[in-house]
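Visitor: Contents of target28.txt (compact mmCIF, C-alpha atoms) are below:
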# COMPACT_ATOMS: atom_id res chain seq x y z
CA VAL A 1 22.14 -3.63 -22.22
CA LEU A 2 18.44 -4.33 -22.75
CA ALA A 3 18.35 -6.44 -19.58
CA VAL A 4 19.80 -3.55 -17.56
CA LEU A 5 17.41 -1.09 -19.19
CA PHE A 6 14.37 -3.20 -18.34
CA ALA A 7 15.71 -3.78 -14.82
CA GLU A 8 16.09 -0.02 -14.37
CA LEU A 9 12.54 0.65 -15.56
CA ALA A 10 11.29 -2.03 -13.15
CA PHE A 11 13.28 -0.51 -10.28
CA LEU A 12 11.79 2.94 -10.87
CA SER A 13 8.33 1.35 -10.86
CA ARG A 14 8.92 -0.70 -7.69
CA VAL A 15 12.14 -0.69 -5.69
CA THR A 16 11.81 -4.31 -4.53
CA THR A 17 12.28 -5.57 -8.10
CA ILE A 18 15.99 -5.32 -7.38
CA GLY A 19 15.58 -8.58 -5.46
CA VAL A 20 15.24 -10.43 -8.78
CA ILE A 21 18.76 -9.47 -9.91
CA PRO A 22 20.74 -11.85 -7.60
CA GLY A 23 18.81 -14.81 -8.99
CA LEU A 24 19.72 -13.86 -12.56
CA PHE A 25 23.43 -13.74 -11.70
CA LEU A 26 23.18 -17.04 -9.83
CA PHE A 27 21.53 -18.65 -12.86
CA ALA A 28 24.31 -17.41 -15.16
CA LEU A 29 26.98 -18.78 -12.83
CA LEU A 30 25.33 -22.20 -12.41
CA CYS A 31 24.98 -22.50 -16.19
CA GLY A 32 28.67 -21.72 -16.63
CA HIS A 33 28.28 -18.32 -18.27
CA TRP A 34 31.23 -16.79 -16.40
CA ARG A 35 32.13 -14.43 -19.20
CA VAL A 36 28.61 -13.00 -19.21
CA VAL A 37 28.81 -12.25 -15.49
CA PHE A 38 32.37 -10.97 -15.30
CA GLY A 39 32.74 -9.43 -18.74
CA TRP A 40 33.52 -5.75 -19.02
CA ALA A 41 30.17 -4.96 -20.62
CA SER A 42 28.29 -6.68 -17.78
CA ILE A 43 30.37 -5.02 -15.07
CA PHE A 44 29.94 -1.60 -16.66
CA CYS A 45 26.16 -1.92 -17.20
CA TRP A 46 25.27 -3.47 -13.86
CA GLY A 47 27.75 -1.23 -12.05
CA GLY A 48 26.00 1.77 -13.57
CA TYR A 49 22.66 0.25 -12.50
CA LEU A 50 23.82 0.07 -8.88
CA VAL A 51 25.35 3.55 -8.85
CA ILE A 52 22.33 5.23 -10.43
CA ASN A 53 19.83 3.51 -8.16
CA THR A 54 21.91 4.11 -5.04
CA CYS A 55 22.01 7.82 -5.82
CA TRP A 56 18.28 7.76 -6.55
CA VAL A 57 17.45 6.16 -3.20
CA ILE A 58 19.65 8.66 -1.34
CA PHE A 59 17.85 11.50 -3.12
CA VAL A 60 14.25 10.32 -2.64
CA ARG A 61 14.62 9.13 0.96
CA GLN A 62 14.53 12.75 2.14
CA PHE A 63 10.98 12.95 0.77
CA ALA A 64 9.90 9.57 2.10
CA ARG A 65 10.45 9.60 5.84
CA TYR A 66 8.88 6.63 7.64
CA GLU A 67 8.19 4.99 4.28
CA LEU A 68 11.47 3.07 4.03
CA ILE A 69 11.95 -0.49 5.21
CA GLU A 70 14.57 0.59 7.73
CA ASN A 71 12.01 2.80 9.48
CA ALA A 72 9.11 0.33 9.46
CA ALA A 73 9.54 -0.71 13.09
CA SER A 74 6.30 -2.71 13.17
CA THR A 75 7.55 -5.21 10.56
CA ARG A 76 11.26 -5.35 11.43
CA VAL A 77 12.58 -8.75 12.54
CA GLU A 78 15.94 -10.37 13.20
CA MET A 79 17.57 -11.61 9.99
CA PHE A 80 17.98 -15.26 10.95
CA SER A 81 15.18 -15.63 13.46
CA PRO A 82 13.04 -18.80 13.01
CA TRP A 83 9.92 -16.73 12.35
CA HIS A 84 11.65 -14.68 9.67
CA LEU A 85 13.00 -17.79 7.92
CA ALA A 86 9.59 -19.50 7.98
CA TYR A 87 7.39 -16.45 7.29
CA TYR A 88 7.15 -16.58 3.48
CA PRO A 89 7.00 -20.41 3.21
CA ILE A 90 4.10 -20.36 5.69
CA LYS A 91 2.35 -17.49 3.92
CA SER A 92 2.77 -19.11 0.49
CA TRP A 93 -0.52 -21.00 0.98
CA GLY A 94 -2.42 -17.73 1.09
CA MET A 95 -0.32 -16.09 -1.62
CA LEU A 96 -0.71 -18.93 -4.13
CA GLY A 97 -4.11 -20.38 -3.32
CA PRO A 98 -4.71 -24.05 -2.45
CA LEU A 99 -4.61 -25.46 -5.99
CA THR A 100 -1.42 -23.68 -7.09
CA PHE A 101 0.18 -24.45 -3.73
CA CYS A 102 -0.41 -28.17 -4.23
CA LEU A 103 1.06 -27.97 -7.73
CA VAL A 104 4.11 -26.16 -6.38
CA VAL A 105 4.65 -28.86 -3.74
CA ILE A 106 4.50 -31.53 -6.46
CA GLY A 107 6.80 -29.39 -8.62
CA ILE A 108 9.33 -29.18 -5.79
CA ALA A 109 9.24 -32.97 -5.43
CA ILE A 110 9.89 -33.31 -9.16
CA PHE A 111 12.71 -30.76 -8.89
CA VAL A 112 14.37 -32.75 -6.07
CA ARG A 113 14.00 -35.95 -8.13
CA HIS A 114 15.74 -34.29 -11.05
CA VAL A 115 18.51 -32.99 -8.78
CA VAL A 116 19.20 -36.49 -7.48
CA ARG A 117 19.22 -37.89 -11.02
CA ARG A 118 21.11 -34.90 -12.40
CA GLN A 119 18.40 -34.28 -14.98
CA LEU A 120 17.75 -30.61 -14.28
CA SER A 121 16.59 -28.48 -17.17
CA LYS A 122 17.58 -24.84 -17.51
CA ALA A 123 13.97 -23.85 -16.78
CA GLU A 124 14.13 -25.65 -13.42
CA ILE A 125 17.50 -24.08 -12.60
CA PHE A 126 16.12 -20.66 -13.52
CA SER A 127 13.05 -21.01 -11.28
CA PHE A 128 15.22 -22.27 -8.42
CA CYS A 129 17.64 -19.32 -8.79
CA TRP A 130 14.77 -16.84 -9.04
CA LEU A 131 13.19 -18.05 -5.79
CA LEU A 132 16.46 -18.47 -3.92
CA GLY A 133 17.77 -15.04 -4.97
CA TYR A 134 14.55 -13.23 -4.09
CA PHE A 135 14.15 -15.12 -0.81
CA GLY A 136 17.70 -14.12 0.13
CA PHE A 137 16.86 -10.52 -0.72
CA GLN A 138 13.84 -10.65 1.60
CA LEU A 139 15.97 -12.14 4.37
CA TYR A 140 18.31 -9.19 4.00
CA LEU A 141 15.45 -6.70 4.23
CA CYS A 142 14.34 -8.20 7.57
CA ALA A 143 10.75 -7.00 7.08
CA ASN A 144 7.85 -9.44 6.99
CA GLU A 145 4.97 -8.38 4.78
CA VAL A 146 3.25 -10.64 2.27
CA ARG A 147 3.17 -7.94 -0.42
CA TYR A 148 6.96 -7.75 -0.47
CA PHE A 149 7.16 -11.26 -1.96
CA PHE A 150 5.07 -10.38 -5.02
CA PHE A 151 8.05 -10.48 -7.39
CA GLY A 152 9.00 -13.93 -6.11
CA LEU A 153 5.75 -15.47 -7.38
CA PRO A 154 7.01 -16.16 -10.95
CA GLY A 155 9.39 -18.73 -9.44
CA PHE A 156 6.41 -20.57 -7.96
CA ALA A 157 4.63 -20.41 -11.32
CA TRP A 158 7.53 -22.17 -13.02
CA LEU A 159 7.57 -24.87 -10.35
CA ALA A 160 3.84 -25.42 -10.80
CA GLY A 161 4.32 -25.58 -14.57
CA ASN A 162 7.00 -28.22 -14.06
CA VAL A 163 4.21 -30.65 -13.15
CA PHE A 164 2.75 -30.43 -16.65
CA VAL A 165 6.17 -30.85 -18.23
CA PHE A 166 6.60 -34.03 -16.18
CA LEU A 167 3.33 -35.46 -17.54
CA GLY A 168 5.01 -36.05 -20.87
CA SER A 169 2.30 -36.34 -23.54
CA ASP A 170 0.43 -33.34 -24.89
CA ARG A 171 -3.13 -34.37 -23.98
CA PRO A 172 -2.59 -34.59 -20.18
CA ARG A 173 -0.69 -31.31 -20.36
CA TRP A 174 -3.54 -29.48 -22.10
CA VAL A 175 -6.25 -31.05 -19.93
CA GLY A 176 -4.33 -30.29 -16.75
CA ALA A 177 -3.44 -26.72 -17.75
CA ILE A 178 -7.01 -25.89 -18.82
CA GLY A 179 -8.41 -27.51 -15.68
CA VAL A 180 -6.08 -25.55 -13.42
CA ALA A 181 -6.85 -22.29 -15.25
CA PHE A 182 -10.61 -22.92 -14.93
CA CYS A 183 -10.41 -23.77 -11.22
CA SER A 184 -8.22 -20.71 -10.61
CA LEU A 185 -10.75 -18.45 -12.33
CA VAL A 186 -13.57 -19.91 -10.24
CA PHE A 187 -11.52 -19.51 -7.06
CA CYS A 188 -10.59 -15.89 -7.87
CA GLY A 189 -14.17 -15.09 -8.87
CA SER A 190 -15.53 -16.42 -5.59
CA ASN A 191 -12.99 -14.31 -3.71
CA VAL A 192 -14.05 -11.19 -5.62
CA ILE A 193 -17.72 -11.86 -4.89
CA ASN A 194 -17.06 -12.51 -1.20
CA SER A 195 -14.48 -9.75 -0.72
CA PRO A 196 -15.18 -7.04 1.88
CA GLN A 197 -17.31 -4.18 0.58
CA GLY A 198 -14.98 -1.53 1.97
CA ILE A 199 -16.46 1.76 3.17
CA TRP A 200 -20.12 2.81 3.17
CA GLY A 201 -21.40 6.26 3.97
CA TYR A 202 -19.13 8.77 2.26
CA ASP A 203 -20.85 8.52 -1.12
CA ALA A 204 -24.08 9.90 0.35
CA VAL A 205 -22.17 12.64 2.18
CA ALA A 206 -20.34 13.69 -1.00
CA ALA A 207 -23.61 13.67 -2.98
CA ARG A 208 -25.28 15.91 -0.39
CA LEU A 209 -22.30 18.24 -0.41
CA ALA A 210 -22.40 18.50 -4.21
CA ARG A 211 -25.95 19.86 -4.00
CA GLU A 212 -24.82 22.83 -1.91
CA GLU A 213 -24.83 26.15 -3.77
CA LEU A 214 -22.13 27.66 -1.58
CA GLY A 215 -18.63 26.30 -2.21
CA GLY A 216 -15.75 26.31 0.23
CA ASN A 217 -13.25 24.16 2.06
CA VAL A 218 -14.30 20.95 3.81
CA LEU A 219 -12.65 19.73 7.01
CA ALA A 220 -12.61 15.92 7.19
CA ALA A 221 -12.47 15.07 10.90
CA CYS A 222 -13.35 11.41 10.35
CA VAL A 223 -11.87 7.97 9.73
CA GLY A 224 -10.94 6.84 6.24
CA ASP A 225 -10.92 10.41 4.97
CA GLN A 226 -9.14 9.37 1.75
CA ASP A 227 -12.38 7.74 0.61
CA LEU A 228 -14.29 10.93 1.36
CA ILE A 229 -11.76 13.04 -0.56
CA THR A 230 -12.00 10.77 -3.60
CA ARG A 231 -15.80 10.81 -3.64
CA ILE A 232 -15.95 14.60 -3.27
CA LEU A 233 -13.55 15.04 -6.18
CA CYS A 234 -15.62 12.65 -8.31
CA LYS A 235 -18.87 14.53 -7.67
CA ASP A 236 -17.45 18.05 -7.67
CA ASP A 237 -17.13 18.67 -11.41
CA GLU A 238 -16.68 22.42 -10.95
CA ARG A 239 -14.03 22.02 -8.25
CA ARG A 240 -15.92 24.22 -5.78
CA PHE A 241 -14.72 22.31 -2.73
CA GLY A 242 -11.28 21.82 -1.24
CA VAL A 243 -10.70 19.20 1.44
CA LEU A 244 -8.52 19.65 4.53
CA ARG A 245 -7.53 16.49 6.36
CA GLY A 246 -8.17 16.51 10.08
CA ASP A 247 -4.99 14.52 10.74
CA ARG A 248 -2.99 17.34 9.12
CA VAL A 249 -4.91 20.34 10.48
CA LEU A 250 -6.38 19.46 13.88
CA ALA A 251 -3.46 17.13 14.58
CA LEU A 252 -0.28 15.87 12.98
CA ARG A 253 -0.92 12.15 12.95
CA LEU A 254 1.12 9.69 10.90
CA PRO A 255 0.30 6.04 10.17
CA GLY A 256 1.02 3.59 12.97
CA TYR A 257 3.95 1.98 11.17
CA ALA A 258 5.90 5.25 11.40
CA GLY A 259 6.23 4.81 15.17
CA VAL A 260 5.82 8.57 15.74
CA ASP A 261 3.52 9.96 18.43
CA ALA A 262 0.71 12.20 17.22
CA HIS A 263 0.78 15.92 17.99
CA VAL A 264 -2.73 17.25 18.60
CA VAL A 265 -2.90 20.90 17.55
CA ALA A 266 -6.55 21.57 18.48
CA GLN A 267 -6.77 20.92 22.20
CA THR A 268 -9.93 22.95 22.81
CA GLY A 269 -13.03 24.15 21.02
CA SER A 270 -11.55 27.61 20.58
CA ASP A 271 -8.55 26.02 18.84
CA VAL A 272 -10.90 24.27 16.44
CA MET A 273 -12.79 27.47 15.63
CA ARG A 274 -9.53 29.34 15.06
CA LEU A 275 -8.31 26.68 12.62
CA LEU A 276 -11.65 26.68 10.81
CA GLU A 277 -11.34 30.44 10.30
CA LEU A 278 -7.72 30.23 9.14
CA GLY A 279 -8.60 27.38 6.77
CA ARG A 280 -11.68 29.17 5.39
CA VAL A 281 -13.66 26.02 6.27
CA ARG A 282 -17.33 26.17 5.28
CA TYR A 283 -18.20 22.48 5.81
CA VAL A 284 -17.17 19.98 8.46
CA VAL A 285 -17.53 16.19 8.38
CA THR A 286 -17.38 14.59 11.83
CA PHE A 287 -17.57 11.01 13.02
CA VAL A 288 -19.02 9.33 16.11
CA ALA A 289 -18.06 5.71 16.69
CA ASP A 290 -20.49 3.02 17.79
CA VAL A 291 -19.82 0.77 20.78
CA GLY A 292 -16.88 -1.48 20.00
CA ALA A 293 -15.27 0.94 17.53
CA GLU A 294 -14.12 3.61 19.98
CA HIS A 295 -10.49 2.80 19.20
CA ARG A 296 -10.94 4.39 15.76
CA LEU A 297 -12.13 7.69 17.27
CA ARG A 298 -9.09 9.95 17.58
CA LYS A 299 -8.86 12.76 20.08
CA GLU A 300 -9.06 15.50 17.45
CA MET A 301 -12.18 13.89 15.93
CA LYS A 302 -13.98 13.97 19.27
CA ILE A 303 -12.95 17.58 19.94
CA ALA A 304 -14.14 18.63 16.48
CA HIS A 305 -17.54 16.95 16.87
CA ASP A 306 -18.07 18.30 20.40
CA THR A 307 -17.14 21.80 19.23
CA VAL A 308 -19.57 21.76 16.31
CA VAL A 309 -22.43 20.33 18.39
CA SER A 310 -21.94 22.86 21.18
CA ALA A 311 -21.60 25.84 18.80
CA GLY A 312 -25.38 26.31 18.60
CA ASP A 313 -26.77 27.97 15.48
CA ARG A 314 -23.32 28.63 14.00
CA PHE A 315 -23.50 25.17 12.38
CA VAL A 316 -26.38 23.59 10.48
CA LEU A 317 -26.66 19.81 10.14
CA LEU A 318 -26.98 18.90 6.46
CA GLU A 319 -26.64 15.12 6.50
CA LYS A 320 -26.41 12.28 8.98
CA ARG A 321 -25.44 8.85 7.69
CA SER A 322 -24.44 5.50 9.14
CA PHE A 323 -20.84 4.50 8.50
CA HIS A 324 -19.39 1.03 7.94
CA GLU A 325 -15.77 0.16 7.25
CA MET A 326 -14.76 -3.44 6.59
CA ASN A 327 -11.02 -4.09 6.80
CA GLY A 328 -11.73 -7.82 6.68
CA ARG A 329 -14.71 -10.11 6.67
CA GLU A 330 -15.05 -9.87 10.45
CA ASN A 331 -13.33 -6.56 11.24
CA VAL A 332 -16.04 -3.92 11.00
CA THR A 333 -15.96 -0.30 12.14
CA ARG A 334 -19.39 1.25 12.62
CA GLY A 335 -20.44 4.75 13.46
CA VAL A 336 -22.30 7.84 12.28
CA LEU A 337 -21.14 10.54 9.86
CA TRP A 338 -22.28 14.13 10.31
CA LEU A 339 -22.06 16.80 7.62
CA TRP A 340 -22.25 20.38 8.92
CA ARG A 341 -22.29 23.81 7.28
CA TYR A 342 -20.78 26.79 9.05
CA THR A 343 -23.17 29.75 8.93
CA GLY A 344 -20.79 32.40 10.22
CA GLU A 345 -18.70 34.84 8.23
CA LEU A 346 -15.34 33.75 6.89
CA PRO A 347 -12.49 36.04 5.79
CA ASP A 348 -11.98 36.44 2.08
CA GLY A 349 -9.12 34.74 0.29
CA PRO A 350 -7.59 31.28 0.32
CA SER A 351 -6.71 29.19 3.35
CA GLU A 352 -3.96 30.57 5.59
CA LEU A 353 -3.06 27.14 6.94
CA PRO A 354 0.24 25.66 5.73
CA VAL A 355 0.29 22.41 3.80
CA VAL A 356 2.06 19.96 6.10
CA ILE A 357 3.83 16.92 4.60
CA PRO A 358 5.27 14.99 7.57
CA THR A 359 6.83 12.23 5.45
CA ALA A 360 9.02 14.84 3.76
CA GLY A 361 9.46 17.17 6.74
CA LEU A 362 7.93 19.97 4.67
CA GLU A 363 5.57 22.79 5.57
CA ILE A 364 4.43 24.74 2.52
CA LYS A 365 3.18 28.24 3.35
CA ARG A 366 1.61 31.00 1.33
CA ALA A 367 4.06 33.24 -0.49
CA ALA A 368 3.14 36.24 1.65
CA GLU A 369 4.11 34.35 4.81
CA ARG A 370 7.56 33.25 3.68
What is this structure when it is put down as structure tokens?
Guide:
Amino acid sequence: VLAVLFAELAFLSRVTTIGVIPGLFLFALLCGHWRVVFGWASIFCWGGYLVINTCWVIFVRQFARYELIENAASTRVEMFSPWHLAYYPIKSWGMLGPLTFCLVVIGIAIFVRHVVRRQLSKAEIFSFCWLLGYFGFQLYLCANEVRYFFFGLPGFAWLAGNVFVFLGSDRPRWVGAIGVAFCSLVFCGSNVINSPQGIWGYDAVAARLAREELGGNVLAACVGDQDLITRILCKDDERRFGVLRGDRVLALRLPGYAGVDAHVVAQTGSDVMRLLELGRVRYVVTFVADVGAEHRLRKEMKIAHDTVVSAGDRFVLLEKRSFHEMNGRENVTRGVLWLWRYTGELPDGPSELPVVIPTAGLEIKRAAER
């Protein structure tokens, strides 16, 4: 009962934890615990686990369009294709790190030796079942992403630990374990130090915005607007600013993995001005990409910037900052951020624009408009 309870809590935290369950059943069968697997208590508990979680998935999938594995067209592969079968073994070097990977390879060799000599311990059988069950689960999903194999890593840890068990005496075990832990800490520390710095530019924009006496809504017609939203919320202690995403107001644009074409709402400058009025937008953040980063500049971003620049004295430039976004050590997006304030009159009251949630197919409107 406790095992099912913990499994249920894990499932509600992360759906892919269900991939661990087949390995647990396989371990029980290989160890001869048939009554545990096929007993009435086990059938009732695990049957309830499957029924409850199946109903849960059916319920939540209506609010998670394009977020399910079956809709992730960019990562879908054939179940038994060579690339799918080899994907996670190939990626294990990057997932484990060089030192742990070498230990796992040695651990596998020791495991094979024990299989031939029929000297397998229950710990070795358990790690084998864990990896085999979770790998089979990933084969069934037919979606190749490194992060999906996170819950398979404990199986590798047990195989690596098998090396120290094989050493026999306590002193080599302690020296080896401490040495591996130290090298792993150094390796992880170097990765943290050398990791990409992320996004630069929005902190200065949010700080400048926080100094404004006049509150109001902010339209984020720029790349990486989630970072801007977070920084504005952190600096806006009095909650004077609301942020409208450009990819939900000027256009309906979903992430690339959804495989859905964008619908640009603001086709002209007059469309932009109309949406600014409906959204009670007082501030606009626009983005201009440098040479080589034009692919990050969406159509609605360009229309918004051109509209603001050509509007004359209706907009005042408050801040202009360079922008850098590092998605990797060599993948850099550069450009310029512009923070504008609208000087015209805006109607009283809250925004009239609906809150659009494409992943749930929802459009939340004001009560008066229903």
Visitor: If we draw a sphere of 8 Å around (-7.4, 15.9, 7.1), which residues have at least one atom in it when counting all atoms listed in the file? Please report them as a tab-separated table (two decimals) with C-alpha atoms, in the frame of the given file.
Guide:
chain	number	residue	atom	x	y	z
A	219	LEU	CA	-12.65	19.73	7.01
A	220	ALA	CA	-12.61	15.92	7.19
A	221	ALA	CA	-12.47	15.07	10.90
A	225	ASP	CA	-10.92	10.41	4.97
A	243	VAL	CA	-10.70	19.20	1.44
A	244	LEU	CA	-8.52	19.65	4.53
A	245	ARG	CA	-7.53	16.49	6.36
A	246	GLY	CA	-8.17	16.51	10.08
A	247	ASP	CA	-4.99	14.52	10.74
A	248	ARG	CA	-2.99	17.34	9.12
A	249	VAL	CA	-4.91	20.34	10.48
A	250	LEU	CA	-6.38	19.46	13.88
Visitor: What lies within 10 Å of Glu212 (chain A) using only C-alpha atoms, ignoring chain neighbours under 6 positions off, as a PyMOL selection string?
Guide: chain A and resi 240+318+341
Visitor: With a distance cut-off of 12 Å and only C-alpha atoms, select the neighbouring residues of Trp46 (chain A), excluding the residue or stretch itself and same-chain residues fewer than 3 positions from it, and output the selection as a list in words.
Guide: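 Final neighbour list, sorted by chain and number: Val1, Leu2, Ala3, Val4, Leu5, Phe6, Ala7, Glu8, Ile18, Ile21, Pro22, Leu24, Phe25, Val36, Val37, Phe38, Gly39, Trp40, Ala41, Ser42, Ile43, Tyr49, Leu50, Val51, Ile52 and Asn53 of chain A.
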Visitor: Skipping near chain neighbours, those fewer than 3 positions away, what residues fall within 8 Å of Ile303 (chain A) using only C-alpha atoms, listed as a list in words?
Guide: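 In the requested format, the answer is Ala266, Gln267, Thr268, Gly269, Val272, Lys299, Glu300, Asp306 and Thr307 of chain A.
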Visitor: Counting only C-alpha atoms, what is within 9 Å of Tyr66 (chain A), bar same-chain residues fewer than 6 positions away, as a list in words?
Guide: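 Final neighbour list, sorted by chain and number: Ala72, Leu254, Pro255, Tyr257, Ala258, Gly259, Val260 and Thr359 of chain A.
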Visitor: Could you tell me how far CA of Tyr202 (chain A) sits from CA of Arg296 (chain A), in Å to one decimal place?
Guide: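 Calculated distance between CA of Arg296 (chain A) and CA of Tyr202 (chain A) is 16.4 Å.
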Visitor: Leu30 (chain A): which residues within 10 Å, counting all atoms listed in the file, same-chain residues fewer than 5 positions away excluded, as a ChimeraX atom specification?
Guide: /A:25,122,125-126,129
Visitor: So which one's closest to Ser351 (chain A), A:Arg147, A:His305, A:Arg280, A:Arg334? Using all atoms listed in the file, please.
Guide: A:Arg280
Visitor: Pick from A:Val356, A:Met326, A:Cys142, A:Leu131: nearest to Gly198 (chain A), with only C-alpha atoms counted?
Guide: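 Smallest separation from Gly198 (chain A) among the options: A:Met326.
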Visitor: What gap, in Å, lies between CA of Val218 (chain A) and CA of Asp271 (chain A)?
Guide: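 Here the two named atoms are 16.9 Å from each other.
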Visitor: Please report the interatomic distance between CA of Lys91 (chain A) and CA of Met79 (chain A) in Å with one decimal.
Guide: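 The value is 17.4 Å.
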Visitor: Give me the box for region 16-30 of chain A as lines of an AutoDock Vina configuration file, namely the centre and edge lengths in Å to one decimal of a box along x, y and z that holds every listed atom plus 5 Å on each side.
Guide:
center_x = 19.4
center_y = -13.3
center_z = -9.8
size_x = 25.2
size_y = 27.9
size_z = 20.6
Visitor: For a quick check of understanding, using all atoms listed in the file, which of A:Asp290, A:Glu352, A:Asp313, A:Glu277 has the smallest distance to Leu337 (chain A)?
Guide: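 Closest candidate: A:Asp290.
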Visitor: Identify which of the residues A:Arg298, A:Arg211, A:Lys320, A:Arg61 lies closest to Val264 (chain A), counting all atoms listed in the file when measuring atom-to-atom distances.
Guide: A:Arg298
Visitor: Kindly extract all protein, DNA and RNA residues lying within 12 Å of the coordinates (8.7, 17.5, 4.2) given in the file, considering all atoms listed in the file, and supply them as a PDB file with C-alpha atoms, in the coordinates of the input.
Guide:
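Full text of out-v5.pdb as output:
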ATOM      1  CA  VAL A  60      14.250  10.320  -2.640  1.00  0.00           C
ATOM      2  CA  ARG A  61      14.620   9.130   0.960  1.00  0.00           C
ATOM      3  CA  GLN A  62      14.530  12.750   2.140  1.00  0.00           C
ATOM      4  CA  PHE A  63      10.980  12.950   0.770  1.00  0.00           C
ATOM      5  CA  ALA A  64       9.900   9.570   2.100  1.00  0.00           C
ATOM      6  CA  ARG A  65      10.450   9.600   5.840  1.00  0.00           C
ATOM      7  CA  TYR A  66       8.880   6.630   7.640  1.00  0.00           C
ATOM      8  CA  PRO A 354       0.240  25.660   5.730  1.00  0.00           C
ATOM      9  CA  VAL A 355       0.290  22.410   3.800  1.00  0.00           C
ATOM     10  CA  VAL A 356       2.060  19.960   6.100  1.00  0.00           C
ATOM     11  CA  ILE A 357       3.830  16.920   4.600  1.00  0.00           C
ATOM     12  CA  PRO A 358       5.270  14.990   7.570  1.00  0.00           C
ATOM     13  CA  THR A 359       6.830  12.230   5.450  1.00  0.00           C
ATOM     14  CA  ALA A 360       9.020  14.840   3.760  1.00  0.00           C
ATOM     15  CA  GLY A 361       9.460  17.170   6.740  1.00  0.00           C
ATOM     16  CA  LEU A 362       7.930  19.970   4.670  1.00  0.00           C
ATOM     17  CA  GLU A 363       5.570  22.790   5.570  1.00  0.00           C
ATOM     18  CA  ILE A 364       4.430  24.740   2.520  1.00  0.00           C
TER      19      ILE A 364
END
Visitor: So, with all atoms listed in the file as the atoms that count, which of A:Ala143, A:Leu278, A:Leu103, A:Leu29 lies closest to Ser81 (chain A)?
Guide: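 Closest candidate: A:Ala143.
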Visitor: Between A:Val146, A:Ile199, A:Ala160, A:Val116, which residue has the minimum interatomic distance to Val104 (chain A), considering only C-alpha atoms?
Guide: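 Among A:Val146, A:Ile199, A:Ala160, A:Val116, it is A:Ala160 that comes nearest to Val104 (chain A).
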